[in-house]
Amino acid sequence: MLPVAWRFGQPSPLPGFRLALCGTLLWLAVIVLIPLGGVLLRSSSIGLAGIWEIATQPRLMAALRLSFGLSLLAGVFSLVVGLLIAWVLTRYDFPGSRFLDAAIDLPFAMPTAVAGIALTAVYAPNGWFGAPLAALGLKVAYTPLGIFIALVFIGLPFAVRTIQPVLAETEVELEEASATLGATRAQTIRKVILPPLIPAALTGLALSFARAVGEYGSVIFIAGNIPFASEIAPLMVVMKLEEFDETGATAIAAIMLGVSFAMLLVINLVQAWTRRRLGHG
Amino acid sequence: MNDHVPQAEAFPAGSAAISIRNVSKWFRRADNANPVHALKNVSLDIAPNSFVSLVGPSGCGKTTLLRLLNGLIAADEGEILVDGKPPVRGPHMGLVFQSIRLMPWRTIRANVYFPLELMGVAQNECVERANFYLSMMGISKFGDAYPHELSGGMQQRAALARALISQPAFLLMDEPFAALDAQTREFMQIEVMKIRENLKGVVVFVTHSVDEAILLSDQIVMMSPRPGQIAEILPVNLPQPRWDHDVRARKEFVELRAHLWDGIKAMVVNDPESEFYQRDRLGPRMSTPSGG
């Protein structure tokens, strides 16, 4: 089955464990751990009480609720749509399928501010989609709904790209076997196609959620940034920085770091549990 | 219609468990205008409680015929009746494949009771009946294991248990032991013979192995390729049970084996699309180069 991982102290046909580990730790430290440690250190200068005071400001509370709530919603939505797109891309070969496949990655490639302006133009009250929706009484731009659309836009590729390879690997033969054993189509989807996708789907959820929480560029244009209504937490950080309140900014960042860490931990625990339950070891 | 196709063995009307009448099947590829003629004018009656093997070289349509019986694909011409009705797939029709097709995320036990779960049988009854069939196949202690932890033979036992748990009236097996090593394969053949003692029903068994077909069957259907059709239907007149002594040494076995093998060899050698086309007619015998 899976290759057995090399364990410390065992002879290996390949040299270089120490060098590889040193390189890994060095880069992890320089790029990730030390900068994040700096954030925590800087924010800790005002003490836990100080952080608590900032965290419980009603305006920041509203922004945090909006950011994390919408990010989770957008992650779940991306997952459902991403599953559908991954299904179409892996199971069907049609004219333009390769173009569609390439287009999935566009949100990765373009500056998020461009995406933000493009989405705002389309969903603004006088835009292509915005105008007819406004006529129906549905306001998209400058509301949480607009933020949600921007977050789905940047989160979708994560969902598609994590589910797609697993879906491509699933054995069509199992579906046939399921049908011959008397399963209806719905039963085959529920009991044969979906279970092996769960770990990958949770990874996709975690990635698109994490990306959405930190997203700034594509959101600020369509959000309208109205305090208590459509103001996201990363914007509060930028505002603090513009006021030269670095400590305040790092305090909010530390709070976001903590909440993100907690939510990702929960997703990972669920994933580990399903992996065990599904017998992936 | 086609005079070299032998007549299917006759049964009084309505007594055959499976009746195949003048069935033809073509496979069409999207890019290919010429459809592949997979089955041509196949007629066959299968008696209740009989074990029938389909043998023949690659491309003779044996697997296609099995898939038609299961209702996975439909015939282009002719009629198939299973218990007097057109074939429908379902738990009354057990199917065992060469590629074992257990679900890797389910335990062996959960794989075995999968058909019952689909029917809405209560969990505790599922487990109880799965345990019965696990012990019947001799894999009781692997109920909680996952498929990848078992050998190929063990996995195929589990697949057999899964096919049997819904107590099917028909068991269709598509080269079930082809992927197993020679020794495991012989033991699995004995398992199948023993199961046959206790369970009634029709077994249709596709195999490349002439020995396996003779050992297990009441009747052997030899098929010829391109287009797939029935070449000969042969009864196997060896005494039952066949596992407690070696029937391979018996005269009937040797003769039947020689007859079947000659037939298959002739088909392969005369098939222009075969890699062995005319290989037995090549010039003088090759002499082994000797010395230096």
# chains A, B, ... in the order shown; residues from 1 in each chain; ligands from 1

call {"tool": "interface_residues", "arguments": {"of": "chain A", "to": "chain B", "cutoff": "12 Å", "atoms": "only C-alpha atoms", "output": "count of residues only"}}
result
39

call {"tool": "residues_around", "arguments": {"residues": "range 154-164 of chain A", "least_positions_apart": "2", "cutoff": "8 Å", "atoms": "only C-alpha atoms", "output": "VMD selection string"}}
result
chain A and resid 74 to 75 78 to 79 81 to 83 85 to 87 89 to 90 104 to 105 107 to 108 150 to 152 166 to 168 197 200 to 201 203 to 205 207 to 209 211 to 212

call {"tool": "write_last_selection", "arguments": {"atoms": "N, CA and C atoms", "output": "JSON list (two decimals), in the first residue's frame"}}
result
[["chain", "number", "residue", "atom", "x", "y", "z"],
["A", 74, "ALA", "N", -18.95, 30.57, 3.13],
["A", 74, "ALA", "CA", -18.39, 30.56, 1.78],
["A", 74, "ALA", "C", -17.61, 29.28, 1.55],
["A", 75, "GLY", "N", -16.91, 28.80, 2.59],
["A", 75, "GLY", "CA", -16.17, 27.54, 2.47],
["A", 75, "GLY", "C", -17.10, 26.38, 2.18],
["A", 78, "SER", "N", -18.49, 26.77, -1.33],
["A", 78, "SER", "CA", -17.45, 26.43, -2.31],
["A", 78, "SER", "C", -17.31, 24.92, -2.43],
["A", 79, "LEU", "N", -17.46, 24.26, -1.29],
["A", 79, "LEU", "CA", -17.32, 22.81, -1.26],
["A", 79, "LEU", "C", -18.40, 22.14, -2.12],
["A", 81, "VAL", "N", -20.32, 23.54, -4.56],
["A", 81, "VAL", "CA", -20.14, 23.87, -5.97],
["A", 81, "VAL", "C", -18.87, 23.23, -6.51],
["A", 82, "GLY", "N", -17.81, 23.23, -5.67],
["A", 82, "GLY", "CA", -16.54, 22.64, -6.09],
["A", 82, "GLY", "C", -16.68, 21.17, -6.38],
["A", 83, "LEU", "N", -17.48, 20.47, -5.60],
["A", 83, "LEU", "CA", -17.72, 19.04, -5.81],
["A", 83, "LEU", "C", -18.37, 18.83, -7.18],
["A", 85, "ILE", "N", -18.28, 20.88, -9.79],
["A", 85, "ILE", "CA", -17.34, 21.22, -10.87],
["A", 85, "ILE", "C", -16.31, 20.11, -11.03],
["A", 86, "ALA", "N", -15.78, 19.61, -9.91],
["A", 86, "ALA", "CA", -14.78, 18.55, -9.98],
["A", 86, "ALA", "C", -15.39, 17.30, -10.63],
["A", 87, "TRP", "N", -16.65, 17.03, -10.32],
["A", 87, "TRP", "CA", -17.34, 15.88, -10.90],
["A", 87, "TRP", "C", -17.43, 16.02, -12.42],
["A", 89, "LEU", "N", -15.63, 17.89, -14.37],
["A", 89, "LEU", "CA", -14.31, 17.90, -15.00],
["A", 89, "LEU", "C", -13.67, 16.52, -15.06],
["A", 90, "THR", "N", -13.94, 15.66, -14.04],
["A", 90, "THR", "CA", -13.29, 14.35, -14.04],
["A", 90, "THR", "C", -14.10, 13.32, -14.81],
["A", 104, "ILE", "N", -10.47, 27.40, -13.83],
["A", 104, "ILE", "CA", -10.65, 27.23, -12.38],
["A", 104, "ILE", "C", -9.53, 27.96, -11.62],
["A", 105, "ASP", "N", -8.32, 27.94, -12.19],
["A", 105, "ASP", "CA", -7.17, 28.48, -11.47],
["A", 105, "ASP", "C", -7.04, 30.00, -11.58],
["A", 107, "PRO", "N", -8.65, 32.57, -10.38],
["A", 107, "PRO", "CA", -8.62, 33.34, -9.14],
["A", 107, "PRO", "C", -7.28, 33.25, -8.40],
["A", 108, "PHE", "N", -6.54, 32.14, -8.61],
["A", 108, "PHE", "CA", -5.21, 32.04, -8.01],
["A", 108, "PHE", "C", -4.25, 33.05, -8.63],
["A", 150, "ALA", "N", -17.55, 37.37, -3.12],
["A", 150, "ALA", "CA", -16.11, 37.54, -3.30],
["A", 150, "ALA", "C", -15.34, 36.39, -2.65],
["A", 151, "LEU", "N", -15.79, 35.96, -1.46],
["A", 151, "LEU", "CA", -15.09, 34.88, -0.75],
["A", 151, "LEU", "C", -15.26, 33.54, -1.47],
["A", 152, "VAL", "N", -16.44, 33.33, -2.08],
["A", 152, "VAL", "CA", -16.63, 32.10, -2.86],
["A", 152, "VAL", "C", -15.72, 32.14, -4.08],
["A", 166, "VAL", "N", -8.85, 13.27, -6.03],
["A", 166, "VAL", "CA", -9.42, 12.11, -5.34],
["A", 166, "VAL", "C", -10.57, 11.52, -6.15],
["A", 167, "LEU", "N", -11.37, 12.41, -6.72],
["A", 167, "LEU", "CA", -12.49, 11.96, -7.54],
["A", 167, "LEU", "C", -11.98, 11.24, -8.79],
["A", 168, "ALA", "N", -10.86, 11.73, -9.33],
["A", 168, "ALA", "CA", -10.30, 11.09, -10.53],
["A", 168, "ALA", "C", -9.79, 9.69, -10.21],
["A", 197, "LEU", "N", -14.60, 10.70, -0.50],
["A", 197, "LEU", "CA", -14.27, 12.11, -0.77],
["A", 197, "LEU", "C", -14.19, 12.94, 0.50],
["A", 200, "ALA", "N", -10.77, 14.60, 1.65],
["A", 200, "ALA", "CA", -10.36, 15.64, 0.71],
["A", 200, "ALA", "C", -11.30, 16.84, 0.78],
["A", 201, "ALA", "N", -12.58, 16.57, 0.94],
["A", 201, "ALA", "CA", -13.55, 17.66, 1.02],
["A", 201, "ALA", "C", -13.29, 18.53, 2.25],
["A", 203, "THR", "N", -10.37, 18.92, 3.71],
["A", 203, "THR", "CA", -9.16, 19.69, 3.40],
["A", 203, "THR", "C", -9.54, 20.91, 2.55],
["A", 204, "GLY", "N", -10.36, 20.69, 1.54],
["A", 204, "GLY", "CA", -10.81, 21.79, 0.69],
["A", 204, "GLY", "C", -11.54, 22.84, 1.49],
["A", 205, "LEU", "N", -12.40, 22.39, 2.42],
["A", 205, "LEU", "CA", -13.12, 23.33, 3.29],
["A", 205, "LEU", "C", -12.14, 24.14, 4.12],
["A", 207, "LEU", "N", -8.97, 24.79, 3.58],
["A", 207, "LEU", "CA", -8.17, 25.69, 2.77],
["A", 207, "LEU", "C", -8.97, 26.90, 2.32],
["A", 208, "SER", "N", -10.18, 26.67, 1.81],
["A", 208, "SER", "CA", -10.95, 27.80, 1.30],
["A", 208, "SER", "C", -11.42, 28.69, 2.45],
["A", 209, "PHE", "N", -11.71, 28.06, 3.61],
["A", 209, "PHE", "CA", -12.07, 28.85, 4.79],
["A", 209, "PHE", "C", -10.90, 29.73, 5.23],
["A", 211, "ARG", "N", -8.33, 30.71, 3.56],
["A", 211, "ARG", "CA", -8.05, 31.75, 2.58],
["A", 211, "ARG", "C", -9.07, 32.89, 2.72],
["A", 212, "ALA", "N", -10.34, 32.53, 2.92],
["A", 212, "ALA", "CA", -11.40, 33.54, 3.00],
["A", 212, "ALA", "C", -11.22, 34.43, 4.22]]

call {"tool": "atom_distance", "arguments": {"atom1": "CA of Phe94 in chain A", "atom2": "CA of Lys25 in chain B"}}
result
26.9 Å

call {"tool": "select_by_dssp", "arguments": {"residues": "range 67-273 of chain B", "states": "helix (DSSP H, G or I)", "output": "ChimeraX atom specification"}}
result
/B:67-70,108-112,114-119,123-136,140-142,147-149,152-164,182-198,210-216,247-249,251-269

call {"tool": "write_last_selection", "arguments": {"atoms": "C-alpha atoms", "output": "CSV table (one decimal), in the first residue's frame"}}
result
chain,number,residue,atom,x,y,z
B,67,ARG,CA,-23.3,-8.4,-18.5
B,68,LEU,CA,-26.5,-8.9,-20.6
B,69,LEU,CA,-27.8,-11.5,-18.1
B,70,ASN,CA,-27.2,-9.1,-15.3
B,108,ILE,CA,-14.9,-6.7,5.4
B,109,ARG,CA,-18.1,-7.2,7.4
B,110,ALA,CA,-19.6,-3.9,6.3
B,111,ASN,CA,-18.7,-4.8,2.7
B,112,VAL,CA,-20.4,-8.2,3.0
B,114,PHE,CA,-23.7,-3.8,1.9
B,115,PRO,CA,-26.5,-5.4,-0.2
B,116,LEU,CA,-28.7,-5.9,2.9
B,117,GLU,CA,-28.0,-2.3,4.0
B,118,LEU,CA,-29.3,-1.2,0.6
B,119,MET,CA,-32.5,-3.1,1.2
B,123,GLN,CA,-28.1,-3.1,11.4
B,124,ASN,CA,-28.0,-6.0,13.9
B,125,GLU,CA,-29.6,-8.4,11.4
B,126,CYS,CA,-27.0,-7.2,8.8
B,127,VAL,CA,-24.2,-8.0,11.2
B,128,GLU,CA,-25.7,-11.4,12.2
B,129,ARG,CA,-26.2,-12.5,8.6
B,130,ALA,CA,-22.8,-11.2,7.5
B,131,ASN,CA,-21.2,-13.2,10.3
B,132,PHE,CA,-22.9,-16.3,9.0
B,133,TYR,CA,-21.5,-15.9,5.5
B,134,LEU,CA,-18.1,-14.8,6.8
B,135,SER,CA,-17.8,-18.1,8.7
B,136,MET,CA,-19.2,-20.0,5.7
B,140,SER,CA,-14.8,-14.9,10.4
B,141,LYS,CA,-11.8,-13.4,12.1
B,142,PHE,CA,-11.3,-10.8,9.4
B,147,PRO,CA,-9.8,-5.0,2.4
B,148,HIS,CA,-6.2,-3.9,1.9
B,149,GLU,CA,-5.2,-5.9,5.0
B,152,GLY,CA,-6.4,-11.5,-2.8
B,153,GLY,CA,-7.9,-14.9,-2.0
B,154,MET,CA,-9.4,-13.6,1.2
B,155,GLN,CA,-10.8,-10.6,-0.5
B,156,GLN,CA,-12.4,-12.8,-3.1
B,157,ARG,CA,-13.9,-14.9,-0.4
B,158,ALA,CA,-15.4,-11.7,1.1
B,159,ALA,CA,-16.7,-10.7,-2.4
B,160,LEU,CA,-18.3,-14.1,-2.7
B,161,ALA,CA,-19.9,-13.7,0.8
B,162,ARG,CA,-21.2,-10.3,-0.3
B,163,ALA,CA,-22.7,-11.9,-3.5
B,164,LEU,CA,-24.3,-14.7,-1.4
B,182,ALA,CA,-2.5,-21.0,-8.9
B,183,GLN,CA,-2.7,-22.6,-5.5
B,184,THR,CA,-5.2,-20.2,-4.0
B,185,ARG,CA,-7.2,-20.6,-7.2
B,186,GLU,CA,-7.5,-24.4,-6.7
B,187,PHE,CA,-8.6,-23.9,-3.1
B,188,MET,CA,-11.2,-21.3,-4.2
B,189,GLN,CA,-12.5,-23.8,-6.7
B,190,ILE,CA,-13.1,-26.3,-3.9
B,191,GLU,CA,-14.9,-23.6,-1.9
B,192,VAL,CA,-17.2,-23.0,-4.8
B,193,MET,CA,-17.9,-26.7,-5.2
B,194,LYS,CA,-18.7,-26.9,-1.5
B,195,ILE,CA,-21.0,-23.9,-1.6
B,196,ARG,CA,-22.8,-25.5,-4.5
B,197,GLU,CA,-23.7,-28.5,-2.2
B,198,ASN,CA,-25.6,-26.3,0.1
B,210,VAL,CA,-10.6,-25.2,-19.4
B,211,ASP,CA,-9.7,-27.2,-16.3
B,212,GLU,CA,-11.6,-24.9,-14.0
B,213,ALA,CA,-14.7,-25.1,-16.3
B,214,ILE,CA,-14.7,-28.9,-16.4
B,215,LEU,CA,-14.1,-29.2,-12.7
B,216,LEU,CA,-16.9,-26.9,-11.6
B,247,VAL,CA,-11.1,-36.0,-11.1
B,248,ARG,CA,-8.4,-34.7,-13.4
B,249,ALA,CA,-7.0,-38.2,-13.9
B,251,LYS,CA,-10.7,-40.5,-18.8
B,252,GLU,CA,-13.8,-38.2,-19.3
B,253,PHE,CA,-11.9,-35.3,-17.9
B,254,VAL,CA,-8.9,-35.8,-20.1
B,255,GLU,CA,-11.0,-36.3,-23.2
B,256,LEU,CA,-13.2,-33.3,-22.6
B,257,ARG,CA,-10.2,-31.2,-21.8
B,258,ALA,CA,-8.4,-32.2,-25.1
B,259,HIS,CA,-11.6,-31.5,-27.1
B,260,LEU,CA,-12.1,-28.1,-25.6
B,261,TRP,CA,-8.5,-27.1,-25.8
B,262,ASP,CA,-8.2,-28.2,-29.5
B,263,GLY,CA,-11.3,-26.1,-30.3
B,264,ILE,CA,-10.0,-23.0,-28.6
B,265,LYS,CA,-6.5,-23.5,-30.1
B,266,ALA,CA,-8.0,-23.7,-33.6
B,267,MET,CA,-10.1,-20.5,-33.0
B,268,VAL,CA,-7.0,-18.6,-31.8
B,269,VAL,CA,-4.7,-19.8,-34.6

call {"tool": "atom_distance", "arguments": {"atom1": "CA of Phe153 in chain A", "atom2": "CA of Val88 in chain A"}}
result
18.4 Å

call {"tool": "closest_atom_pairs", "arguments": {"of": "range 178-279 of chain A", "to": "range 36-45 of chain A", "cutoff": "6 Å", "atoms": "only C-alpha atoms", "output": "JSON lines"}}
result
{"residue": "A:Thr247", "atom": "CA", "partner": "A:Ser43", "partner_atom": "CA", "distance": 5.6}
{"residue": "A:Thr250", "atom": "CA", "partner": "A:Ser43", "partner_atom": "CA", "distance": 5.2}
{"residue": "A:Ala251", "atom": "CA", "partner": "A:Ser43", "partner_atom": "CA", "distance": 4.7}
{"residue": "A:Ala254", "atom": "CA", "partner": "A:Leu40", "partner_atom": "CA", "distance": 5.9}

call {"tool": "closest_residue", "arguments": {"among": "A:Ile147, A:Leu19, A:Ile117, A:Ile51", "to": "Ala229 in chain A", "atoms": "only C-alpha atoms"}}
result
A:Ile147

call {"tool": "residues_around", "arguments": {"residues": "range 41-56 of chain B", "least_positions_apart": "4", "cutoff": "8 Å", "atoms": "only C-alpha atoms", "output": "VMD selection string"}}
result
chain B and resid 7 to 11 15 to 24 60 62 78 200 to 210 213 216 to 225 229 to 230 264

call {"tool": "atom_distance", "arguments": {"atom1": "CA of Leu66 in chain A", "atom2": "CA of Ala233 in chain A"}}
result
7.8 Å
